[in-house]
>>> print(open('target.pdb').read())   # PDB, N, CA and C atoms
ATOM      1  N   MET Z   1       6.639 -81.309 -52.584
ATOM      2  CA  MET Z   1       6.270 -82.563 -53.194
ATOM      3  C   MET Z   1       6.628 -82.567 -54.682
ATOM      4  N   ASP Z   2       6.517 -81.434 -55.334
ATOM      5  CA  ASP Z   2       6.880 -81.356 -56.746
ATOM      6  C   ASP Z   2       8.367 -81.609 -56.948
ATOM      7  N   ILE Z   3       9.184 -81.218 -55.983
ATOM      8  CA  ILE Z   3      10.625 -81.416 -56.095
ATOM      9  C   ILE Z   3      10.948 -82.907 -56.092
ATOM     10  N   ARG Z   4      10.306 -83.660 -55.225
ATOM     11  CA  ARG Z   4      10.549 -85.107 -55.178
ATOM     12  C   ARG Z   4      10.191 -85.782 -56.488
ATOM     13  N   LYS Z   5       9.098 -85.393 -57.094
ATOM     14  CA  LYS Z   5       8.700 -85.990 -58.368
ATOM     15  C   LYS Z   5       9.740 -85.703 -59.436
ATOM     16  N   LYS Z   6      10.269 -84.484 -59.454
ATOM     17  CA  LYS Z   6      11.271 -84.122 -60.453
ATOM     18  C   LYS Z   6      12.556 -84.924 -60.240
ATOM     19  N   VAL Z   7      12.989 -85.059 -59.007
ATOM     20  CA  VAL Z   7      14.206 -85.798 -58.710
ATOM     21  C   VAL Z   7      14.031 -87.271 -59.061
ATOM     22  N   ALA Z   8      12.922 -87.840 -58.666
ATOM     23  CA  ALA Z   8      12.684 -89.250 -58.941
ATOM     24  C   ALA Z   8      12.632 -89.534 -60.431
ATOM     25  N   SER Z   9      12.002 -88.674 -61.181
ATOM     26  CA  SER Z   9      11.901 -88.914 -62.617
ATOM     27  C   SER Z   9      13.232 -88.721 -63.321
ATOM     28  N   SER Z  10      14.099 -87.886 -62.782
ATOM     29  CA  SER Z  10      15.382 -87.657 -63.440
ATOM     30  C   SER Z  10      16.416 -88.713 -63.075
ATOM     31  N   THR Z  11      16.216 -89.441 -61.968
ATOM     32  CA  THR Z  11      17.205 -90.436 -61.558
ATOM     33  C   THR Z  11      16.847 -91.858 -61.942
ATOM     34  N   THR Z  12      15.634 -92.103 -62.331
ATOM     35  CA  THR Z  12      15.250 -93.471 -62.692
ATOM     36  C   THR Z  12      15.744 -93.810 -64.086
ATOM     37  N   ASN Z  13      15.971 -95.096 -64.299
ATOM     38  CA  ASN Z  13      16.420 -95.541 -65.618
ATOM     39  C   ASN Z  13      15.238 -95.561 -66.578
ATOM     40  N   LEU Z  14      15.437 -94.974 -67.702
ATOM     41  CA  LEU Z  14      14.402 -94.991 -68.720
ATOM     42  C   LEU Z  14      14.449 -96.321 -69.459
ATOM     43  N   PRO Z  15      13.341 -96.765 -70.026
ATOM     44  CA  PRO Z  15      13.341 -98.048 -70.737
ATOM     45  C   PRO Z  15      14.335 -98.101 -71.893
ATOM     46  N   ASN Z  16      14.623 -96.974 -72.497
ATOM     47  CA  ASN Z  16      15.546 -96.948 -73.632
ATOM     48  C   ASN Z  16      17.002 -96.831 -73.190
ATOM     49  N   ASP Z  17      17.228 -96.704 -71.873
ATOM     50  CA  ASP Z  17      18.581 -96.569 -71.357
ATOM     51  C   ASP Z  17      19.302 -97.904 -71.473
ATOM     52  N   LYS Z  18      20.414 -97.947 -72.179
ATOM     53  CA  LYS Z  18      21.160 -99.179 -72.406
ATOM     54  C   LYS Z  18      22.408 -99.236 -71.520
ATOM     55  N   GLY Z  19      22.431 -98.477 -70.427
ATOM     56  CA  GLY Z  19      23.601 -98.406 -69.565
ATOM     57  C   GLY Z  19      24.066 -99.758 -69.065
ATOM     58  N   LYS Z  20      23.189-100.569 -68.533
ATOM     59  CA  LYS Z  20      23.581-101.875 -68.014
ATOM     60  C   LYS Z  20      24.075-102.774 -69.132
ATOM     61  N   ASP Z  21      23.404-102.771 -70.257
ATOM     62  CA  ASP Z  21      23.785-103.621 -71.387
ATOM     63  C   ASP Z  21      25.162-103.237 -71.903
ATOM     64  N   MET Z  22      25.431-101.952 -72.000
ATOM     65  CA  MET Z  22      26.727-101.493 -72.491
ATOM     66  C   MET Z  22      27.825-101.862 -71.497
ATOM     67  N   ASN Z  23      27.530-101.765 -70.200
ATOM     68  CA  ASN Z  23      28.507-102.119 -69.183
ATOM     69  C   ASN Z  23      28.850-103.598 -69.268
ATOM     70  N   PHE Z  24      27.848-104.456 -69.494
ATOM     71  CA  PHE Z  24      28.074-105.889 -69.638
ATOM     72  C   PHE Z  24      29.028-106.168 -70.787
ATOM     73  N   HIS Z  25      28.764-105.567 -71.945
ATOM     74  CA  HIS Z  25      29.593-105.836 -73.117
ATOM     75  C   HIS Z  25      31.017-105.330 -72.930
ATOM     76  N   SER Z  26      31.194-104.172 -72.312
ATOM     77  CA  SER Z  26      32.543-103.651 -72.128
ATOM     78  C   SER Z  26      33.303-104.501 -71.108
ATOM     79  N   GLN Z  27      32.645-104.939 -70.017
ATOM     80  CA  GLN Z  27      33.305-105.809 -69.051
ATOM     81  C   GLN Z  27      33.641-107.159 -69.677
ATOM     82  N   TYR Z  28      32.724-107.718 -70.430
ATOM     83  CA  TYR Z  28      32.929-109.005 -71.091
ATOM     84  C   TYR Z  28      34.152-108.915 -72.006
ATOM     85  N   GLN Z  29      34.239-107.846 -72.768
ATOM     86  CA  GLN Z  29      35.363-107.648 -73.695
ATOM     87  C   GLN Z  29      36.671-107.479 -72.928
ATOM     88  N   MET Z  30      36.638-106.747 -71.810
ATOM     89  CA  MET Z  30      37.839-106.554 -71.000
ATOM     90  C   MET Z  30      38.334-107.891 -70.441
ATOM     91  N   VAL Z  31      37.410-108.727 -69.982
ATOM     92  CA  VAL Z  31      37.777-110.044 -69.449
ATOM     93  C   VAL Z  31      38.365-110.898 -70.569
ATOM     94  N   TYR Z  32      37.734-110.891 -71.729
ATOM     95  CA  TYR Z  32      38.234-111.659 -72.871
ATOM     96  C   TYR Z  32      39.663-111.237 -73.220
ATOM     97  N   GLN Z  33      39.901-109.938 -73.322
ATOM     98  CA  GLN Z  33      41.227-109.425 -73.680
ATOM     99  C   GLN Z  33      42.269-109.756 -72.609
ATOM    100  N   SER Z  34      41.867-109.684 -71.355
ATOM    101  CA  SER Z  34      42.800-109.975 -70.273
ATOM    102  C   SER Z  34      43.278-111.423 -70.335
ATOM    103  N   PHE Z  35      42.371-112.350 -70.573
ATOM    104  CA  PHE Z  35      42.752-113.762 -70.681
ATOM    105  C   PHE Z  35      43.554-114.029 -71.952
ATOM    106  N   LYS Z  36      43.457-113.163 -72.940
ATOM    107  CA  LYS Z  36      44.181-113.357 -74.201
ATOM    108  C   LYS Z  36      45.670-113.027 -74.048
ATOM    109  N   GLU Z  37      45.998-112.139 -73.113
ATOM    110  CA  GLU Z  37      47.395-111.720 -72.934
ATOM    111  C   GLU Z  37      48.294-112.882 -72.531
ATOM    112  N   LYS Z  38      47.857-113.631 -71.530
ATOM    113  CA  LYS Z  38      48.586-114.812 -71.051
ATOM    114  C   LYS Z  38      47.638-115.608 -70.164
ATOM    115  N   PRO Z  39      47.918-116.882 -69.914
ATOM    116  CA  PRO Z  39      47.045-117.662 -69.029
ATOM    117  C   PRO Z  39      46.990-117.040 -67.638
ATOM    118  N   LYS Z  40      45.766-116.881 -67.127
ATOM    119  CA  LYS Z  40      45.554-116.225 -65.847
ATOM    120  C   LYS Z  40      44.436-116.906 -65.089
ATOM    121  N   THR Z  41      44.414-116.623 -63.782
ATOM    122  CA  THR Z  41      43.294-117.048 -62.952
ATOM    123  C   THR Z  41      42.241-115.944 -62.966
ATOM    124  N   MET Z  42      41.062-116.286 -62.481
ATOM    125  CA  MET Z  42      40.010-115.275 -62.388
ATOM    126  C   MET Z  42      40.400-114.180 -61.398
ATOM    127  N   LEU Z  43      41.150-114.543 -60.351
ATOM    128  CA  LEU Z  43      41.618-113.547 -59.389
ATOM    129  C   LEU Z  43      42.594-112.585 -60.054
ATOM    130  N   ASP Z  44      43.474-113.087 -60.911
ATOM    131  CA  ASP Z  44      44.398-112.214 -61.640
ATOM    132  C   ASP Z  44      43.631-111.188 -62.471
ATOM    133  N   VAL Z  45      42.582-111.644 -63.139
ATOM    134  CA  VAL Z  45      41.784-110.732 -63.973
ATOM    135  C   VAL Z  45      41.070-109.709 -63.096
ATOM    136  N   PHE Z  46      40.566-110.133 -61.935
ATOM    137  CA  PHE Z  46      39.930-109.202 -61.006
ATOM    138  C   PHE Z  46      40.913-108.117 -60.572
ATOM    139  N   ILE Z  47      42.120-108.514 -60.194
ATOM    140  CA  ILE Z  47      43.120-107.548 -59.738
ATOM    141  C   ILE Z  47      43.496-106.594 -60.867
ATOM    142  N   GLU Z  48      43.607-107.122 -62.070
ATOM    143  CA  GLU Z  48      44.005-106.312 -63.231
ATOM    144  C   GLU Z  48      42.914-105.350 -63.679
ATOM    145  N   THR Z  49      41.669-105.818 -63.691
ATOM    146  CA  THR Z  49      40.589-105.018 -64.277
ATOM    147  C   THR Z  49      39.683-104.347 -63.254
ATOM    148  N   GLY Z  50      39.594-104.910 -62.045
ATOM    149  CA  GLY Z  50      38.675-104.373 -61.050
ATOM    150  C   GLY Z  50      37.249-104.877 -61.219
ATOM    151  N   ILE Z  51      37.022-105.744 -62.185
ATOM    152  CA  ILE Z  51      35.693-106.327 -62.414
ATOM    153  C   ILE Z  51      35.461-107.384 -61.339
ATOM    154  N   LEU Z  52      34.272-107.399 -60.761
ATOM    155  CA  LEU Z  52      33.958-108.338 -59.689
ATOM    156  C   LEU Z  52      34.164-109.776 -60.144
ATOM    157  N   ARG Z  53      34.667-110.601 -59.221
ATOM    158  CA  ARG Z  53      34.960-112.000 -59.559
ATOM    159  C   ARG Z  53      33.711-112.783 -59.910
ATOM    160  N   CYS Z  54      32.586-112.442 -59.297
ATOM    161  CA  CYS Z  54      31.351-113.159 -59.641
ATOM    162  C   CYS Z  54      30.976-112.888 -61.101
ATOM    163  N   ASN Z  55      31.222-111.673 -61.579
ATOM    164  CA  ASN Z  55      30.958-111.369 -62.990
ATOM    165  C   ASN Z  55      31.946-112.109 -63.886
ATOM    166  N   ILE Z  56      33.213-112.122 -63.491
ATOM    167  CA  ILE Z  56      34.231-112.819 -64.278
ATOM    168  C   ILE Z  56      33.882-114.299 -64.386
ATOM    169  N   CYS Z  57      33.436-114.878 -63.295
ATOM    170  CA  CYS Z  57      33.057-116.298 -63.290
ATOM    171  C   CYS Z  57      31.911-116.544 -64.266
ATOM    172  N   ARG Z  58      30.937-115.667 -64.271
ATOM    173  CA  ARG Z  58      29.801-115.797 -65.190
ATOM    174  C   ARG Z  58      30.263-115.636 -66.634
ATOM    175  N   TYR Z  59      31.141-114.682 -66.899
ATOM    176  CA  TYR Z  59      31.640-114.468 -68.260
ATOM    177  C   TYR Z  59      32.443-115.680 -68.730
ATOM    178  N   VAL Z  60      33.273-116.255 -67.841
ATOM    179  CA  VAL Z  60      34.079-117.423 -68.203
ATOM    180  C   VAL Z  60      33.171-118.603 -68.533
ATOM    181  N   ALA Z  61      32.117-118.806 -67.746
ATOM    182  CA  ALA Z  61      31.175-119.895 -68.021
ATOM    183  C   ALA Z  61      30.525-119.708 -69.383
ATOM    184  N   ASP Z  62      30.150-118.480 -69.701
ATOM    185  CA  ASP Z  62      29.546-118.195 -71.001
ATOM    186  C   ASP Z  62      30.551-118.429 -72.130
ATOM    187  N   MET Z  63      31.800-118.000 -71.915
ATOM    188  CA  MET Z  63      32.836-118.191 -72.933
ATOM    189  C   MET Z  63      33.135-119.671 -73.134
ATOM    190  N   GLU Z  64      33.097-120.459 -72.060
ATOM    191  CA  GLU Z  64      33.329-121.907 -72.185
ATOM    192  C   GLU Z  64      32.238-122.548 -73.034
ATOM    193  N   GLU Z  65      31.005-122.137 -72.832
ATOM    194  CA  GLU Z  65      29.905-122.666 -73.647
ATOM    195  C   GLU Z  65      30.107-122.337 -75.120
ATOM    196  N   LYS Z  66      30.639-121.154 -75.398
ATOM    197  CA  LYS Z  66      30.870-120.721 -76.773
ATOM    198  C   LYS Z  66      32.168-121.284 -77.343
ATOM    199  N   GLY Z  67      33.007-121.864 -76.502
ATOM    200  CA  GLY Z  67      34.267-122.444 -76.968
ATOM    201  C   GLY Z  67      35.350-121.419 -77.244
ATOM    202  N   ILE Z  68      35.280-120.248 -76.606
ATOM    203  CA  ILE Z  68      36.285-119.205 -76.867
ATOM    204  C   ILE Z  68      37.270-119.036 -75.716
ATOM    205  N   ILE Z  69      37.143-119.855 -74.673
ATOM    206  CA  ILE Z  69      38.104-119.859 -73.566
ATOM    207  C   ILE Z  69      38.325-121.303 -73.168
ATOM    208  N   GLN Z  70      39.518-121.584 -72.632
ATOM    209  CA  GLN Z  70      39.808-122.955 -72.238
ATOM    210  C   GLN Z  70      40.656-122.960 -70.972
ATOM    211  N   LEU Z  71      40.342-123.907 -70.094
ATOM    212  CA  LEU Z  71      41.158-124.140 -68.903
ATOM    213  C   LEU Z  71      42.415-124.875 -69.348
ATOM    214  N   LEU Z  72      43.579-124.251 -69.158
ATOM    215  CA  LEU Z  72      44.827-124.874 -69.606
ATOM    216  C   LEU Z  72      45.404-125.813 -68.562
ATOM    217  N   TYR Z  73      45.471-125.361 -67.326
ATOM    218  CA  TYR Z  73      46.051-126.175 -66.265
ATOM    219  C   TYR Z  73      45.625-125.618 -64.911
ATOM    220  N   LYS Z  74      45.882-126.419 -63.874
ATOM    221  CA  LYS Z  74      45.641-125.975 -62.500
ATOM    222  C   LYS Z  74      46.955-126.066 -61.749
ATOM    223  N   LYS Z  75      47.279-124.995 -61.042
ATOM    224  CA  LYS Z  75      48.472-125.000 -60.199
ATOM    225  C   LYS Z  75      48.284-123.978 -59.083
ATOM    226  N   GLU Z  76      49.236-123.904 -58.183
ATOM    227  CA  GLU Z  76      49.137-123.004 -57.043
ATOM    228  C   GLU Z  76      49.102-121.554 -57.513
ATOM    229  N   ASP Z  77      48.126-120.818 -57.010
ATOM    230  CA  ASP Z  77      47.987-119.404 -57.338
ATOM    231  C   ASP Z  77      48.997-118.608 -56.527
ATOM    232  N   LYS Z  78      49.648-117.641 -57.144
ATOM    233  CA  LYS Z  78      50.677-116.858 -56.452
ATOM    234  C   LYS Z  78      50.089-115.960 -55.363
ATOM    235  N   HIS Z  79      48.794-115.625 -55.468
ATOM    236  CA  HIS Z  79      48.164-114.743 -54.480
ATOM    237  C   HIS Z  79      47.631-115.523 -53.288
ATOM    238  N   THR Z  80      46.906-116.593 -53.539
ATOM    239  CA  THR Z  80      46.214-117.324 -52.476
ATOM    240  C   THR Z  80      46.980-118.536 -51.983
ATOM    241  N   LYS Z  81      47.938-119.016 -52.761
ATOM    242  CA  LYS Z  81      48.705-120.230 -52.450
ATOM    243  C   LYS Z  81      47.852-121.498 -52.479
ATOM    244  N   PHE Z  82      46.673-121.411 -53.077
ATOM    245  CA  PHE Z  82      45.815-122.578 -53.283
ATOM    246  C   PHE Z  82      45.779-122.910 -54.763
ATOM    247  N   LYS Z  83      45.385-124.133 -55.076
ATOM    248  CA  LYS Z  83      45.297-124.558 -56.467
ATOM    249  C   LYS Z  83      44.191-123.783 -57.173
ATOM    250  N   ALA Z  84      44.500-123.252 -58.354
ATOM    251  CA  ALA Z  84      43.533-122.469 -59.123
ATOM    252  C   ALA Z  84      43.682-122.792 -60.604
ATOM    253  N   GLY Z  85      42.604-122.554 -61.352
ATOM    254  CA  GLY Z  85      42.617-122.800 -62.781
ATOM    255  C   GLY Z  85      43.149-121.615 -63.559
ATOM    256  N   TYR Z  86      43.980-121.897 -64.533
ATOM    257  CA  TYR Z  86      44.531-120.861 -65.409
ATOM    258  C   TYR Z  86      43.860-120.996 -66.776
ATOM    259  N   TYR Z  87      43.211-119.930 -67.197
ATOM    260  CA  TYR Z  87      42.428-119.903 -68.430
ATOM    261  C   TYR Z  87      43.104-119.041 -69.489
ATOM    262  N   THR Z  88      42.754-119.308 -70.745
ATOM    263  CA  THR Z  88      43.220-118.474 -71.844
ATOM    264  C   THR Z  88      42.148-118.384 -72.921
ATOM    265  N   THR Z  89      42.153-117.261 -73.635
ATOM    266  CA  THR Z  89      41.304-117.115 -74.810
ATOM    267  C   THR Z  89      42.156-117.119 -76.082
ATOM    268  N   ASP Z  90      43.462-117.318 -75.926
ATOM    269  CA  ASP Z  90      44.374-117.384 -77.069
ATOM    270  C   ASP Z  90      44.272-118.772 -77.692
ATOM    271  N   LYS Z  91      43.675-118.847 -78.854
ATOM    272  CA  LYS Z  91      43.408-120.143 -79.506
ATOM    273  C   LYS Z  91      44.685-120.912 -79.827
ATOM    274  N   THR Z  92      45.821-120.239 -79.963
ATOM    275  CA  THR Z  92      47.071-120.948 -80.248
ATOM    276  C   THR Z  92      47.539-121.762 -79.050
ATOM    277  N   LEU Z  93      47.037-121.456 -77.859
ATOM    278  CA  LEU Z  93      47.421-122.192 -76.650
ATOM    279  C   LEU Z  93      46.426-123.281 -76.274
ATOM    280  N   PHE Z  94      45.309-123.350 -76.964
ATOM    281  CA  PHE Z  94      44.264-124.333 -76.637
ATOM    282  C   PHE Z  94      44.799-125.747 -76.790
ATOM    283  N   HIS Z  95      44.301-126.640 -75.917
ATOM    284  CA  HIS Z  95      44.597-128.064 -76.054
ATOM    285  C   HIS Z  95      43.849-128.575 -77.273
ATOM    286  N   ARG Z  96      44.487-129.441 -78.012
ATOM    287  CA  ARG Z  96      43.849-130.016 -79.189
ATOM    288  C   ARG Z  96      42.798-131.026 -78.747
ATOM    289  N   VAL Z  97      41.620-130.926 -79.294
ATOM    290  CA  VAL Z  97      40.556-131.878 -78.994
ATOM    291  C   VAL Z  97      40.538-132.924 -80.088
ATOM    292  N   ASP Z  98      40.658-134.188 -79.687
ATOM    293  CA  ASP Z  98      40.690-135.281 -80.653
ATOM    294  C   ASP Z  98      39.260-135.683 -80.987
ATOM    295  N   ASN Z  99      38.825-135.373 -82.190
ATOM    296  CA  ASN Z  99      37.468-135.701 -82.629
ATOM    297  C   ASN Z  99      37.343-137.143 -83.115
ATOM    298  N   ASN Z 100      38.448-137.870 -83.148
ATOM    299  CA  ASN Z 100      38.434-139.241 -83.636
ATOM    300  C   ASN Z 100      38.297-140.258 -82.506
ATOM    301  N   GLN Z 101      37.802-139.845 -81.358
ATOM    302  CA  GLN Z 101      37.624-140.771 -80.253
ATOM    303  C   GLN Z 101      36.541-141.776 -80.615
ATOM    304  N   TYR Z 102      36.730-142.999 -80.171
ATOM    305  CA  TYR Z 102      35.775-144.046 -80.472
ATOM    306  C   TYR Z 102      34.557-143.933 -79.572
ATOM    307  N   ASN Z 103      33.427-144.162 -80.151
ATOM    308  CA  ASN Z 103      32.187-144.206 -79.399
ATOM    309  C   ASN Z 103      31.988-145.650 -78.971
ATOM    310  N   ALA Z 104      31.601-145.883 -77.728
ATOM    311  CA  ALA Z 104      31.445-147.251 -77.201
ATOM    312  C   ALA Z 104      30.427-148.046 -78.019
ATOM    313  N   SER Z 105      29.415-147.398 -78.531
ATOM    314  CA  SER Z 105      28.391-148.111 -79.313
ATOM    315  C   SER Z 105      28.931-148.542 -80.670
ATOM    316  N   GLU Z 106      29.948-147.845 -81.183
ATOM    317  CA  GLU Z 106      30.504-148.210 -82.477
ATOM    318  C   GLU Z 106      31.411-149.434 -82.374
ATOM    319  N   VAL Z 107      32.017-149.643 -81.216
ATOM    320  CA  VAL Z 107      32.967-150.728 -81.024
ATOM    321  C   VAL Z 107      32.243-152.062 -80.941
ATOM    322  N   GLU Z 108      31.078-152.122 -80.336
ATOM    323  CA  GLU Z 108      30.377-153.385 -80.144
ATOM    324  C   GLU Z 108      29.803-153.938 -81.401
TER
END
>>> encode(input="target.pdb", output="structure tokens")
Amino acid sequence: MDIRKKVASSTTNLPNDKGKDMNFHSQYQMVYQSFKEKPKTMLDVFIETGILRCNICRYVADMEEKGIIQLLYKKEDKHTKFKAGYYTTDKTLFHRVDNNQYNASEVE
């Protein structure tokens, strides 16, 4: 019984263990860098990095909220032959957002 207690205590995550947090940041950075190389689909990034697509999808959603990634276009994916979105984090490729759009309330 003493052996089980020793094994259990040595394999459990300690509260100060930052393993999961560090893994998140390194994966997030890898996804960011991968999209910076050239416009890619989430499947392309999965194949390149090995990071699960569900994680990539979550990271892309977070990056979109922060404005550091943009959907450039949708076209047939070379792997699946279905329409897919191509994203980039390279700001030089971003579509220009026109901030001078008229507000409907201002026109009336």
>>> resolve_selection(input="target.pdb", expression="the PyMOL selection byres ((chain Z and resi 70) around 5)", output="JSON, numbers by chain")
{"Z": [68, 69, 71, 72, 87, 88]}
>>> closest_residue(input="target.pdb", among="Z:Pro39, Z:Val45, Z:Glu76, Z:Cys54", to="Asp90 of chain Z", atoms="all atoms listed in the file")
Z:Pro39
>>> atom_distance(input="target.pdb", atom1="atom CA of Leu43 of chain Z", atom2="atom N of His79 of chain Z")
8.4 Å
>>> closest_residue(input="target.pdb", among="Z:Thr89, Z:Ile56, Z:Lys75, Z:Phe94", to="Glu37 of chain Z", atoms="all atoms listed in the file")
Z:Thr89
>>> atom_distance(input="target.pdb", atom1="atom CA of Lys74 of chain Z", atom2="atom CA of Gln29 of chain Z")
23.8 Å
>>> closest_residue(input="target.pdb", among="Z:Lys81, Z:Lys38, Z:Tyr28, Z:Lys91", to="Val60 of chain Z", atoms="all atoms listed in the file")
Z:Tyr28
